[in-house]
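The structure appears right after this line, and notes come after that.
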Amino acid sequence: MASRFKQALDSGKFVITSEVAPPKGTNLEKMFHHIELLKDKVDGINITDHQSSVMRYPSLGGCLAVSERGGEPIMQMTCRDRNRMALEADLLLAYSRGIRNVLCLTGDAVPVGDHKEAKGVFDLDSLQLLRAIRQLTEGKDLGGNELDGAVEFCMGAIVTPEAQPIEPQLIKFEKKVEAGAEFFQTQAIYDLENFKKFMEYARKFKAKILAGIVLLSSARMAKYMTQNVPGIFVPQALIDEMSAVPKEEMLAKGIEIAGRAIAALKKDKICDGVHIMAIGKEEVVPDILEAAGL
Amino acid sequence: MKSITRQKSPEDIQQGLSGLDRVFIVGCGTCTTMTHTGGIDEVVAMKERLQEQGKRVTGFTVIPTACDDMTELAMKENGPAISSADCILSMSCALGVHRMNLYIGKPIIPAVDTLFIGIEDSPGYFREACAQCGQCLLGETAGICPITACHKGLVNGPCGGTNNGRCEVDKEKDCAWTLIYNRLKEQDRLDLMRKYQPPRNHHVTLAPRSLRIQ
Ligand code: SF4
Ligand code: SF4
């Protein structure tokens, strides 16, 4: 049976996903709290996989916590830390425990994180991982051996609509669609006009596109992201809008901006949904949804 | 093709030589000469430094190419000085150490770290160009090696970390996949980038790798 998230994607409704980062350590209270807060308000909760190459509690563990609480987990899986055997085995485990959605990522480079001397694995890349899952679904592992019990996942991937140059990204996007990606969560987008152009292109493919919405929590963060984070561009008008309010009102302003973008995307049916990332401020995701009129 | 090296720190070299007071120094006339890590000038400087530290340098030589069979001759020619030493301090790359190991039973202590096999793109700028993967893709990637030029060794196109043609690990480094894209486009061969590259075989030659030519 199709996963709840997949059903939402297929229903034609405006799909909402968000994400929760597991803790660094075994104190899971805050993660549980964030899951509780989001599970009934969104169609799927991504659990990040050592995001930015910072070692944390695993995505798989976070996904189990989402399932146990009645939520719908989307397991982020990067190729940075596991070879193909370990990835396959974790997919078998995830499937056997009721996880039905996977977001396939190559993974950030090891040196950007907090274990700078660790070996980056990258035995597979995001595309090869998508294909590997398809093969596991067909009952075969990557060694070509029969599985006693296959898997079935709704598979997704990411795309960066603001990447420069854009064409190599689009070629990879198309390869991911061919590999069976059913949905895409995009890198943060702020420039809706540019995003519309991307969507005119992406609409030609049958994969569903969820626009990445990253909450701006301060003018400084907005500037930092646009200058330093690959594939993120925050238009000057938004930075000015953030800068115009006093510090203590910046978060509220960021919530308003995020809500406004979501409402516009939904109203004009620009894309199939949104993926909200409130990086470290998960408590305010419900406020963003409210600001979007959802 | 050159073996690119960096000298170990004086402390590391001192540590490597602890308990070994009589030292014979070997440099190389090829790669470490070019990278100024083990040519004649560096060998002489090392000799002086070791003497200041109270070591007895029994002799030194710079082998024209320490990784090939000239090494055997050099070992013979310097037989007495090597015999009276406790060890050899190698200022050739690791391949030179391996070569000397064939002829000498004494400890051979490397004074340099071998970083990669590279080429000199512009004077003084060395770049890793090949990791000897055994499944060369250069024909499909416009002559740019995705295994060495891409930080993650990706073979199916860029990751999401590419930023205006630069790599996420370092703003000074080009993103391999932007370079590959630009060149394939120039060659009107962009279709190659659309091709799916399957997972790589990491055991093309079974480690420890070797090959016998019949
Ligand atoms: S693909 Fe790269 S690493 Fe492999 S053989 Fe060719 S140049 Fe060397
Ligand atoms: S930014 Fe480019 S070179 Fe760097 S890891 Fe990604 S694809 Fe490879």
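Residues in the structure tokens are numbered from 1 in each chain, the chains being A, B, ... in the order shown, and ligands are numbered from 1 in the order shown.
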Shell of 12 Å around ligand 1 (only C-alpha atoms and all ligand atoms), written as a compact mmCIF listing (two decimals) with N, CA and C atoms, in the first residue's frame:
```
# COMPACT_ATOMS: atom_id res chain seq x y z
N MET B 1 54.03 13.40 -14.93
CA MET B 1 53.56 12.80 -13.68
C MET B 1 54.63 12.94 -12.60
N PHE B 116 50.26 13.01 -3.14
CA PHE B 116 49.49 12.51 -4.29
C PHE B 116 50.38 12.46 -5.52
N ILE B 117 49.85 11.81 -6.55
CA ILE B 117 50.53 11.79 -7.84
C ILE B 117 49.87 12.90 -8.65
N GLY B 118 50.65 13.86 -9.08
CA GLY B 118 50.03 15.01 -9.72
C GLY B 118 50.81 15.55 -10.89
N ILE B 119 50.26 16.61 -11.46
CA ILE B 119 50.95 17.30 -12.54
C ILE B 119 51.07 18.78 -12.18
N GLU B 128 46.48 17.03 -8.13
CA GLU B 128 46.27 15.59 -8.32
C GLU B 128 45.44 15.40 -9.58
N ALA B 129 45.86 14.51 -10.44
CA ALA B 129 45.16 14.37 -11.73
C ALA B 129 44.58 12.99 -11.92
N CYS B 130 45.07 12.02 -11.18
CA CYS B 130 44.59 10.65 -11.39
C CYS B 130 44.79 9.86 -10.10
N ALA B 131 43.78 9.10 -9.72
CA ALA B 131 43.90 8.27 -8.52
C ALA B 131 44.04 6.80 -8.89
N GLN B 132 44.37 6.54 -10.16
CA GLN B 132 44.57 5.17 -10.64
C GLN B 132 43.36 4.30 -10.28
N CYS B 133 42.18 4.73 -10.70
CA CYS B 133 40.97 3.99 -10.31
C CYS B 133 40.76 2.73 -11.12
N GLY B 134 41.43 2.62 -12.25
CA GLY B 134 41.29 1.39 -13.02
C GLY B 134 40.08 1.33 -13.94
N GLN B 135 39.29 2.41 -14.00
CA GLN B 135 38.14 2.44 -14.92
C GLN B 135 38.07 3.84 -15.47
N CYS B 136 39.01 4.19 -16.34
CA CYS B 136 39.17 5.59 -16.69
C CYS B 136 37.95 6.16 -17.42
N LEU B 137 37.47 7.28 -16.91
CA LEU B 137 36.27 7.93 -17.45
C LEU B 137 36.59 9.17 -18.27
N LEU B 138 37.88 9.47 -18.43
CA LEU B 138 38.25 10.76 -19.03
C LEU B 138 37.61 10.98 -20.40
N GLY B 139 37.37 9.89 -21.13
CA GLY B 139 36.75 10.03 -22.44
C GLY B 139 35.31 10.52 -22.38
N GLU B 140 34.68 10.35 -21.21
CA GLU B 140 33.28 10.78 -21.07
C GLU B 140 33.14 12.05 -20.26
N THR B 141 34.27 12.53 -19.73
CA THR B 141 34.19 13.70 -18.85
C THR B 141 35.08 14.82 -19.37
N ALA B 142 35.24 14.86 -20.66
CA ALA B 142 36.00 15.93 -21.32
C ALA B 142 37.42 16.06 -20.76
N GLY B 143 37.99 14.93 -20.38
CA GLY B 143 39.38 14.94 -19.94
C GLY B 143 39.60 15.44 -18.52
N ILE B 144 38.51 15.70 -17.78
CA ILE B 144 38.64 16.12 -16.38
C ILE B 144 38.25 14.94 -15.51
N CYS B 145 39.12 14.59 -14.58
CA CYS B 145 38.88 13.37 -13.80
C CYS B 145 37.90 13.65 -12.66
N PRO B 146 36.71 13.02 -12.68
CA PRO B 146 35.75 13.27 -11.61
C PRO B 146 36.16 12.61 -10.29
N ILE B 147 37.04 11.63 -10.38
CA ILE B 147 37.45 10.93 -9.16
C ILE B 147 38.37 11.83 -8.33
N THR B 148 39.26 12.54 -9.00
CA THR B 148 40.20 13.38 -8.24
C THR B 148 39.77 14.85 -8.20
N ALA B 149 39.15 15.35 -9.27
CA ALA B 149 38.84 16.78 -9.30
C ALA B 149 37.58 17.10 -8.50
N CYS B 150 36.70 16.12 -8.31
CA CYS B 150 35.50 16.33 -7.48
C CYS B 150 35.82 15.86 -6.08
N GLY B 153 34.34 12.61 -5.49
CA GLY B 153 34.54 11.58 -6.51
C GLY B 153 33.24 11.18 -7.21
N LEU B 154 32.35 12.15 -7.41
CA LEU B 154 31.03 11.83 -7.99
C LEU B 154 31.14 11.63 -9.50
N VAL B 155 30.41 10.65 -10.01
CA VAL B 155 30.50 10.34 -11.44
C VAL B 155 29.22 10.65 -12.21
N ALA B 176 34.42 20.39 -9.97
CA ALA B 176 34.79 19.55 -11.11
C ALA B 176 33.66 19.48 -12.13
N ARG B 200 30.71 2.31 -8.91
CA ARG B 200 32.05 1.92 -9.34
C ARG B 200 32.48 0.60 -8.72
N ASN B 201 33.36 -0.06 -9.42
CA ASN B 201 33.95 -1.29 -8.89
C ASN B 201 35.22 -0.90 -8.14
N HIS B 202 35.24 -1.13 -6.85
CA HIS B 202 36.41 -0.75 -6.06
C HIS B 202 37.45 -1.85 -5.99
N VAL B 204 38.78 -3.45 -9.04
CA VAL B 204 39.18 -3.75 -10.42
C VAL B 204 40.45 -4.57 -10.40
```
**Prompt:** Near Ile270 (chain A), counting only C-alpha atoms, which residues have an atom at most 12 Å away, once you skip same-chain residues fewer than 2 positions from it, shown as a ChimeraX atom specification?
**Reply:** /A:14,192-203,208-211,261-268,272-274
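Note that the spacing between CA of Asp41 (chain B) and CA of Lys106 (chain B) amounts to 24.8 Å.
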**Message:** Can you tell me, as number ranges by chain, which residues in region 28-214 of chain B count as strand (DSSP E) by DSSP?
**Reply:** B: 28, 56-63, 87-90, 108-110, 112-122, 125-128, 166-167, 170-174
**Request:** Please identify every residue of chain A that has at least one atom no more than 7 Å from any atom of chain B, counting only C-alpha atoms, and report them as a list in words.
**Result:** Thr106, Ala109, Pro111, Val112, Phe122, Leu124, Asp125, Gln128, Thr160, Ala163, Gln164, Pro165, Pro168, Gln169, Ile171, Lys172, Lys175, Pro230 and Gly231 of chain A
**Prompt:** CA of His275 (chain A) and CA of Ile16 (chain A), how far apart in Å?
**Reply:**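 Computed distance, CA of Ile16 (chain A) to CA of His275 (chain A), equals 6.0 Å.
When CA of Ile82 (chain B) is paired with CA of Leu17 (chain B), their separation reads 15.4 Å.
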**Prompt:** If you count only C-alpha atoms, which residues fall within 9 Å of region 81-83 of chain A, apart from same-chain ones fewer than 4 positions away, as number ranges by chain?
**Reply:** A: 87-88, 107, 110, 119-124
**Asked** If you count only C-alpha atoms, which residues fall within 8 Å of Ala111 (chain B), apart from same-chain ones fewer than 6 positions away, as a PyMOL selection string?
**Response** chain B and resi 7-8+13+89-91
**Message:** So that I can check the secondary structure, give me every residue of region 12-213 of chain B assigned helix (DSSP H, G or I) by backbone DSSP, as a PyMOL selection string.
**Reply:** chain B and resi 12-16+31-34+40-52+70-77+79-83+94-101+138-140+146-149+176-186+191-194
**Prompt:** Taking into account only C-alpha atoms, which residue in the set B:Gln214, B:Gln53, B:Thr35, B:Ser92 is nearest to Thr71 (chain B)?
**Reply:** B:Ser92
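Between Val57 (chain B) and the candidates B:Thr33, B:Ile88, B:Glu77, B:Ile40, the tightest atom-to-atom separation, counting only C-alpha atoms, involves B:Ile88.
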**Message:** Taking 5 positions as the minimum chain separation for residues in the same chain, which residues sit within 12 Å of region 20-34 of chain A when counting only C-alpha atoms? Answer as number ranges by chain.
**Reply:** A: 39-41, 44-52, 54-71, 73-76, 114, 275-286
Write to file, as a compact mmCIF listing (two decimals), in the first residue's frame, the residues of the selection just made, with N, CA and C atoms.
```txt
# COMPACT_ATOMS: atom_id res chain seq x y z
N LYS A 39 3.54 16.56 13.96
CA LYS A 39 3.04 15.34 13.30
C LYS A 39 1.63 15.45 12.74
N ASP A 40 0.77 16.22 13.37
CA ASP A 40 -0.60 16.32 12.84
C ASP A 40 -0.79 17.51 11.92
N LYS A 41 0.27 18.30 11.76
CA LYS A 41 0.12 19.51 10.95
C LYS A 41 0.75 19.38 9.57
N GLY A 44 4.41 14.98 6.13
CA GLY A 44 5.60 14.16 6.32
C GLY A 44 6.65 14.94 7.09
N ILE A 45 7.41 14.22 7.93
CA ILE A 45 8.48 14.86 8.69
C ILE A 45 9.81 14.26 8.25
N ASN A 46 10.66 15.08 7.66
CA ASN A 46 12.02 14.61 7.33
C ASN A 46 12.83 14.53 8.60
N ILE A 47 13.61 13.49 8.71
CA ILE A 47 14.60 13.44 9.79
C ILE A 47 15.96 13.52 9.11
N THR A 48 16.74 14.50 9.50
CA THR A 48 18.01 14.75 8.81
C THR A 48 19.05 13.68 9.19
N ASP A 49 20.01 13.52 8.29
CA ASP A 49 21.03 12.48 8.42
C ASP A 49 22.39 13.16 8.60
N HIS A 50 22.76 13.39 9.86
CA HIS A 50 24.03 14.07 10.15
C HIS A 50 24.17 15.30 9.26
N GLN A 51 23.18 16.16 9.34
CA GLN A 51 23.15 17.33 8.46
C GLN A 51 24.41 18.17 8.61
N SER A 52 24.88 18.69 7.50
CA SER A 52 26.12 19.47 7.46
C SER A 52 27.31 18.66 7.98
N VAL A 54 27.59 16.93 10.58
CA VAL A 54 27.75 16.98 12.04
C VAL A 54 27.13 15.70 12.61
N MET A 55 27.93 14.93 13.33
CA MET A 55 27.48 13.64 13.85
C MET A 55 26.36 13.83 14.87
N ARG A 56 25.27 13.09 14.68
CA ARG A 56 24.13 13.15 15.59
C ARG A 56 23.49 11.78 15.71
N TYR A 57 22.42 11.74 16.50
CA TYR A 57 21.55 10.55 16.58
C TYR A 57 21.07 10.27 15.15
N PRO A 58 20.96 8.97 14.79
CA PRO A 58 20.71 8.70 13.37
C PRO A 58 19.30 9.01 12.88
N SER A 59 19.23 9.27 11.58
CA SER A 59 17.96 9.55 10.92
C SER A 59 16.97 8.40 11.14
N LEU A 60 17.48 7.18 10.99
CA LEU A 60 16.62 6.01 11.15
C LEU A 60 15.97 6.00 12.53
N GLY A 61 16.75 6.31 13.55
CA GLY A 61 16.21 6.36 14.91
C GLY A 61 15.15 7.43 15.05
N GLY A 62 15.40 8.58 14.45
CA GLY A 62 14.42 9.67 14.49
C GLY A 62 13.14 9.28 13.76
N CYS A 63 13.29 8.57 12.64
CA CYS A 63 12.12 8.15 11.85
C CYS A 63 11.26 7.17 12.65
N LEU A 64 11.92 6.27 13.38
CA LEU A 64 11.16 5.33 14.20
C LEU A 64 10.36 6.09 15.26
N ALA A 65 10.99 7.13 15.80
CA ALA A 65 10.29 7.94 16.81
C ALA A 65 9.07 8.63 16.19
N VAL A 66 9.19 9.05 14.94
CA VAL A 66 8.05 9.68 14.27
C VAL A 66 6.93 8.65 14.10
N SER A 67 7.29 7.46 13.59
CA SER A 67 6.26 6.40 13.40
C SER A 67 5.58 6.05 14.72
N GLU A 68 6.40 5.87 15.75
CA GLU A 68 5.84 5.48 17.05
C GLU A 68 4.84 6.50 17.57
N ARG A 69 5.02 7.75 17.16
CA ARG A 69 4.11 8.80 17.61
C ARG A 69 2.98 9.05 16.61
N GLY A 70 2.86 8.17 15.64
CA GLY A 70 1.74 8.30 14.70
C GLY A 70 2.00 9.27 13.57
N GLY A 71 3.23 9.75 13.44
CA GLY A 71 3.55 10.67 12.34
C GLY A 71 4.03 9.91 11.11
N PRO A 73 7.14 9.54 8.73
CA PRO A 73 8.54 9.93 8.57
C PRO A 73 9.03 9.88 7.12
N ILE A 74 9.91 10.79 6.79
CA ILE A 74 10.65 10.75 5.52
C ILE A 74 12.12 10.63 5.92
N MET A 75 12.68 9.47 5.63
CA MET A 75 14.05 9.21 6.08
C MET A 75 15.05 9.83 5.11
N GLN A 76 15.84 10.78 5.62
CA GLN A 76 16.91 11.33 4.78
C GLN A 76 18.06 10.35 4.84
N ASP A 114 31.84 18.31 11.75
CA ASP A 114 32.57 18.33 13.02
C ASP A 114 33.44 17.09 13.23
N HIS A 275 8.33 22.41 1.58
CA HIS A 275 9.10 21.72 2.61
C HIS A 275 9.68 22.82 3.51
N ILE A 276 9.20 22.86 4.75
CA ILE A 276 9.57 23.96 5.64
C ILE A 276 10.73 23.56 6.54
N MET A 277 11.80 24.35 6.48
CA MET A 277 12.97 24.08 7.33
C MET A 277 13.16 25.27 8.26
N ALA A 278 12.98 25.02 9.53
CA ALA A 278 13.04 26.13 10.49
C ALA A 278 14.33 26.05 11.30
N ILE A 279 15.31 25.36 10.73
CA ILE A 279 16.63 25.14 11.33
C ILE A 279 16.81 25.71 12.76
N GLY A 280 16.63 24.83 13.74
CA GLY A 280 16.82 25.21 15.14
C GLY A 280 15.62 25.95 15.76
N LYS A 281 14.60 26.28 14.95
CA LYS A 281 13.44 27.01 15.49
C LYS A 281 12.15 26.23 15.15
N GLU A 282 12.22 24.90 15.31
CA GLU A 282 11.09 24.07 14.92
C GLU A 282 9.78 24.47 15.61
N GLU A 283 9.88 25.08 16.81
CA GLU A 283 8.67 25.46 17.55
C GLU A 283 7.78 26.39 16.75
N VAL A 284 8.38 27.16 15.83
CA VAL A 284 7.56 28.18 15.16
C VAL A 284 6.96 27.68 13.84
N VAL A 285 7.21 26.41 13.49
CA VAL A 285 6.62 25.91 12.23
C VAL A 285 5.09 26.09 12.23
N PRO A 286 4.40 25.75 13.34
CA PRO A 286 2.95 25.99 13.34
C PRO A 286 2.60 27.46 13.09
```
**Asked** Which neighbours of Asp68 (chain B) fall inside 9 Å, counting only C-alpha atoms, when residues of the same chain fewer than 5 positions from it are skipped, and could you give them as a list in words?
**Response** Leu95, Gly96 and Arg99 of chain B
